[in-house]
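> Okay, handing you the structure first.
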Amino acid sequence: MRAYHHFSLNRSIRHLVPAFGMILLPLAGLFAFSLVSGIAFGTIISDLGISLWRLGVAFIISTVLAWILVVWLVRGKTESPTLAIFDVLQSLPTFTILPIGVHFFGPTTFTIIFFLSITIIWPIIFSIVSSLKQVERSRMEAVIVSKIRGFDYIRYYLLPLTLPGIVTGAIIGLGDGWEALIATEIILEMKTGLGPFFQGFAGSTNMTLFGVLVFLLVIFTINKFIWLPLLEKSHRLVEE
Amino acid sequence: MLTPFITLKNVCKSFPAKEGHRKLSVLHGVNMTIHKGEFVVLLGPSGCGKSTLLRMICQLEKSTRGEILYHEPFSLEKIGFVFQNFGLLPWLSVKDNVALGLIGRNVQEPERGKRVDAILSRFGLGEFGEHFPRDLSGGMKQRVGLARAFVTNPEIIFLDEPFSELDFFTAKDLRQMLVDMWRKHGVTIVMVSHYIDEAVELADRIAVFTDRPGTITEIIKNDLPRPRNHREERFFAKEDEVLGHFGKA
């Protein structure tokens with residue numbers, strides 16, 4: 001039966017306090033870091049924003065590309081050999097590709113996004129494959145018998161079916177992505193973003209640790225408010 | 001006068017050898033004609049290839065040998081399918097699940113909504129249109145499955161052990177509901193079952209299958225008057241007649 005939720009001010013306040021706390025805590029951390037390091041708060045926010053933007057664009061490219069690739073593969077006849085090739089490719093240390101990216105595109109934001117996309121795409125690909133492989137045969141046959149095709153096939157079947165895989169893959173992929181993002185920004189000697197920010201404090205262990213702690217708080221908040229609820233909702237979607 | 005609808009001629013099915021397993025032959029030399037408007041039950045033990053045959057008739061599987069002849073042009077447009085484990089899409093509401101076949105057949109709103117509402121009412125699900133499959137009991141899920149099969153007004157409905165996951169009382173109600181709908185719509189029904197009493201209660205003809213590789217040993221005509229009573233002498237006699245054909249090769 002459908003559960004009816006009644007609005008309760010008391011309950012809402014109880015939830016709002018930790019929710020605001022979770023948002024304010026990283027901001028307070030960033031502010032404290034700004035005071036200790038002597039870097040303007042605006043600069044810190046801007047560097048964080050630029051890194052987030054790079055990661056976000058790479059994530060969107062990877063997700064769209066991964067989804068199209070997997071759907072094309074699983075519906076075609078080349079699935080097994082191609083997945084084996086993908087398995088080998090995902091084991092390749094991605095930093096070995098970085099010089100090729102730099103050679104073609106220079107030390108630019110484009111190179112970072114290209115490199116991040118290659119890093120993030122593999123867990124998303126394999127999670128979507130897993131979602132598609134777990135589908136009950138009767139559901140697949142129900143869609144065939146119903147003659148659902150084209151855009152309706154994507155809307156009513158493929159997209160909801162692969163959503164848990166996309167979210168699971170995104171969580172794993174973004175974890176790898178953060179690591180690769182900061183390293184790439186440092187290697188390419190970018191002037192903006194979190195990489196040069198951390199590089200600037202390379203001589204001070206305390207400041208680096210403080211920065212990492214604040215950075216972890218930011219990631220934790222993003223996970224808590226975006227990815228974990230999405231993960232739960234997407235898995236609930238496919239429960240019968 | 002019975003009009004032939006689908007004829008099976010020496011239909012065989014085997015699955016190729018896989019990783020250390022030998023080739024698996026599931027059906028061997030199946031011959032039968034299904035007539036328009038009749039209720040046929042394919043009856044046999046688990047694993048004898050009945051469900052595979054059902055899927056081959058509606059072109060979800062390919063036969064290895066033999067022929068499946070359709071006496072008039074056949075397409076997915078003409079069929080409905082009811083699954084043992086319901087086959088509902090959990091992310092769609094009851095209404096959207098039922099509407100699926102209409103969406104695939106390009107039936108537009110408001111006609112689509114009207115037909116969905118009407119069929120949901122007939123299956124006693126009028127109040128549950130906005131609910132999701134996870135909110136429903138097994139019996140209600142299968143009613144959604146039946147509604148989805150009937151809503152497109154198909155010429156033939158295939159049912160793959162539709163009541164085997166349900167409790168006795170729910171299954172009994174749904175069997176009655178199925179017979180009522182069959183008589184009202186005049187649709188052809190081909191159903192797979194491994195329960196003799198269910199077959200005797202529902203079928204005009206019962207095709208008795210052997211163990212794997214399955215083949216039909218006998219097609220038994222069942223002319224008991226409807227509604228059929230499980231407690232009557234002639235019902236028991238028919239059950240015995242069916243039972244007598246098991247084990248014959």
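As shown in the structure tokens, the chain order sets the letters A, B, ...; within each chain, residues go from 1, and ligands are also counted from 1 in the order they appear.
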Give me, as a PyMOL selection string, the residues of chain A touching chain B, with the criterion being at most 9 Å (counting only C-alpha atoms).
chain A and resi 1-2+136-149+152+156-157+160-161+236-240
> Output N, CA and C atoms for every residue in that selection, as an mmCIF file, in the first residue's frame.

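Output (result01.cif):
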data_model
loop_
_atom_site.group_PDB
_atom_site.id
_atom_site.type_symbol
_atom_site.label_atom_id
_atom_site.label_comp_id
_atom_site.auth_asym_id
_atom_site.auth_seq_id
_atom_site.Cartn_x
_atom_site.Cartn_y
_atom_site.Cartn_z
ATOM 1 N N MET A 1 0.827 -1.214 0.000
ATOM 2 C CA MET A 1 0.000 0.000 0.000
ATOM 3 C C MET A 1 0.862 1.266 0.000
ATOM 4 N N ARG A 2 0.312 2.313 -0.514
ATOM 5 C CA ARG A 2 1.063 3.571 -0.560
ATOM 6 C C ARG A 2 1.177 4.169 0.834
ATOM 7 N N GLU A 136 15.334 -9.763 -15.363
ATOM 8 C CA GLU A 136 14.550 -10.999 -15.455
ATOM 9 C C GLU A 136 14.105 -11.205 -16.893
ATOM 10 N N ARG A 137 14.168 -12.453 -17.331
ATOM 11 C CA ARG A 137 13.819 -12.764 -18.714
ATOM 12 C C ARG A 137 12.378 -12.356 -19.025
ATOM 13 N N SER A 138 11.478 -12.571 -18.052
ATOM 14 C CA SER A 138 10.067 -12.273 -18.309
ATOM 15 C C SER A 138 9.844 -10.778 -18.551
ATOM 16 N N ARG A 139 10.623 -9.928 -17.886
ATOM 17 C CA ARG A 139 10.467 -8.481 -18.095
ATOM 18 C C ARG A 139 10.877 -8.114 -19.525
ATOM 19 N N MET A 140 11.990 -8.725 -19.939
ATOM 20 C CA MET A 140 12.487 -8.464 -21.285
ATOM 21 C C MET A 140 11.446 -8.927 -22.314
ATOM 22 N N GLU A 141 10.891 -10.122 -22.075
ATOM 23 C CA GLU A 141 9.909 -10.676 -23.011
ATOM 24 C C GLU A 141 8.613 -9.870 -22.999
ATOM 25 N N ALA A 142 8.253 -9.354 -21.818
ATOM 26 C CA ALA A 142 7.036 -8.529 -21.725
ATOM 27 C C ALA A 142 7.182 -7.293 -22.615
ATOM 28 N N VAL A 143 8.382 -6.738 -22.633
ATOM 29 C CA VAL A 143 8.629 -5.546 -23.457
ATOM 30 C C VAL A 143 8.592 -5.913 -24.944
ATOM 31 N N ILE A 144 9.137 -7.078 -25.286
ATOM 32 C CA ILE A 144 9.121 -7.514 -26.692
ATOM 33 C C ILE A 144 7.677 -7.732 -27.151
ATOM 34 N N VAL A 145 6.931 -8.490 -26.339
ATOM 35 C CA VAL A 145 5.540 -8.810 -26.695
ATOM 36 C C VAL A 145 4.700 -7.533 -26.788
ATOM 37 N N SER A 146 5.031 -6.550 -25.937
ATOM 38 C CA SER A 146 4.282 -5.289 -25.961
ATOM 39 C C SER A 146 4.647 -4.423 -27.163
ATOM 40 N N LYS A 147 5.656 -4.850 -27.907
ATOM 41 C CA LYS A 147 6.117 -4.121 -29.104
ATOM 42 C C LYS A 147 6.643 -2.726 -28.775
ATOM 43 N N ILE A 148 7.255 -2.595 -27.625
ATOM 44 C CA ILE A 148 7.844 -1.303 -27.246
ATOM 45 C C ILE A 148 9.161 -1.137 -28.006
ATOM 46 N N ARG A 149 9.246 -0.060 -28.765
ATOM 47 C CA ARG A 149 10.437 0.167 -29.592
ATOM 48 C C ARG A 149 10.870 1.624 -29.583
ATOM 49 N N ASP A 152 10.381 4.934 -26.986
ATOM 50 C CA ASP A 152 9.608 4.334 -25.884
ATOM 51 C C ASP A 152 10.408 3.234 -25.195
ATOM 52 N N TYR A 156 10.745 3.699 -21.337
ATOM 53 C CA TYR A 156 9.998 2.816 -20.435
ATOM 54 C C TYR A 156 10.817 1.628 -19.936
ATOM 55 N N TYR A 157 11.926 1.318 -20.610
ATOM 56 C CA TYR A 157 12.637 0.095 -20.251
ATOM 57 C C TYR A 157 14.125 0.321 -19.950
ATOM 58 N N PRO A 160 15.260 3.251 -17.022
ATOM 59 C CA PRO A 160 15.028 2.869 -15.618
ATOM 60 C C PRO A 160 15.792 1.618 -15.221
ATOM 61 N N LEU A 161 15.937 0.697 -16.170
ATOM 62 C CA LEU A 161 16.630 -0.556 -15.876
ATOM 63 C C LEU A 161 18.113 -0.329 -15.580
ATOM 64 N N ARG A 236 15.627 0.984 -5.416
ATOM 65 C CA ARG A 236 14.233 0.759 -5.042
ATOM 66 C C ARG A 236 13.336 0.694 -6.284
ATOM 67 N N LEU A 237 13.757 1.454 -7.280
ATOM 68 C CA LEU A 237 13.022 1.516 -8.546
ATOM 69 C C LEU A 237 12.889 0.134 -9.201
ATOM 70 N N VAL A 238 13.929 -0.679 -9.083
ATOM 71 C CA VAL A 238 13.897 -1.972 -9.782
ATOM 72 C C VAL A 238 13.449 -3.119 -8.874
ATOM 73 N N GLU A 239 13.097 -2.787 -7.625
ATOM 74 C CA GLU A 239 12.565 -3.836 -6.727
ATOM 75 C C GLU A 239 11.105 -4.072 -7.043
ATOM 76 N N GLU A 240 10.732 -5.352 -7.073
ATOM 77 C CA GLU A 240 9.307 -5.612 -7.314
ATOM 78 C C GLU A 240 8.612 -5.987 -6.020
#
> Give the strand (DSSP E) residues of range 22-188 of chain B, as DSSP finds them on the backbone, and put them as a PyMOL selection string.
chain B and resi 24-35+39-43+65-70+79-82+156-160+188
> Got a sec: who's within 9 Å of Gly211 in chain A, counting only C-alpha atoms, leaving out chain neighbours fewer than 5 positions off, as a PyMOL selection string?
chain A and resi 29-30+33+198+206+216
> Store the residues picked out above, limited to N, CA and C atoms, as a PDB file, in the first residue's frame.

ATOM      1  N   GLY A  29      34.695  24.802   7.303  1.00  0.00           N
ATOM      2  CA  GLY A  29      36.047  24.251   7.138  1.00  0.00           C
ATOM      3  C   GLY A  29      36.837  25.035   6.108  1.00  0.00           C
ATOM      4  N   LEU A  30      36.162  25.319   4.983  1.00  0.00           N
ATOM      5  CA  LEU A  30      36.830  26.075   3.917  1.00  0.00           C
ATOM      6  C   LEU A  30      37.194  27.481   4.413  1.00  0.00           C
ATOM      7  N   PHE A  33      40.086  27.277   6.717  1.00  0.00           N
ATOM      8  CA  PHE A  33      41.306  27.049   5.924  1.00  0.00           C
ATOM      9  C   PHE A  33      41.775  28.360   5.288  1.00  0.00           C
ATOM     10  N   PHE A 198      46.772  22.484  -3.723  1.00  0.00           N
ATOM     11  CA  PHE A 198      47.480  21.566  -2.829  1.00  0.00           C
ATOM     12  C   PHE A 198      48.991  21.636  -3.049  1.00  0.00           C
ATOM     13  N   ASN A 206      51.108  20.005   7.815  1.00  0.00           N
ATOM     14  CA  ASN A 206      49.912  20.363   8.575  1.00  0.00           C
ATOM     15  C   ASN A 206      48.850  20.994   7.692  1.00  0.00           C
ATOM     16  N   LEU A 216      37.728  16.335   2.163  1.00  0.00           N
ATOM     17  CA  LEU A 216      36.958  15.117   2.447  1.00  0.00           C
ATOM     18  C   LEU A 216      35.551  15.466   2.947  1.00  0.00           C
TER      19      LEU A 216
END
> Rank B:Cys12, B:Phe5, B:Met56, B:Phe236 by their smallest atom-to-atom distance to Thr33 in chain B, using only C-alpha atoms, and report the top residue only.
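So, comparing all the options, the nearest one is B:Phe5.
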> Using DSSP on the backbone coordinates, identify all residues within range 32-67 of chain B classified as helix (DSSP H, G or I); present the result as an NGL selection string.
:B and (50-57)
> Just want the 7 Å neighbourhood of Gly186 in chain B, counted on only C-alpha atoms, with same-chain residues fewer than 3 positions away dropped. Output as a PDB file with C-alpha atoms, in the first residue's frame.

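Result file out.pdb:
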ATOM      1  CA  GLY B  37     -11.203 -19.625 -29.989  1.00  0.00           C
ATOM      2  CA  TRP B 182     -11.988 -15.939 -22.436  1.00  0.00           C
ATOM      3  CA  ARG B 183     -15.689 -16.544 -23.011  1.00  0.00           C
TER       4      ARG B 183
END
> Would you list the contacts of Leu178 in chain B as number ranges by chain, taking every protein, DNA or RNA residue within 10 Å and counting only C-alpha atoms, but skipping same-chain residues closer than 3 positions in sequence?
B: 123, 143, 146, 150, 172-175, 181-184, 189, 202
> Give me, as a PyMOL selection string, all polymer residues having an atom no more than 12 Å from range 22-26 of chain A, counting only C-alpha atoms and skipping those fewer than 2 positions away in the same chain.
chain A and resi 15-20+28-33+45+48+210-225
> For CA of Thr170 in chain B and CA of Gly244 in chain B, quote the distance in Å rounded to one decimal.
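So the two atoms, CA of Thr170 in chain B and CA of Gly244 in chain B, lie 28.7 Å apart.
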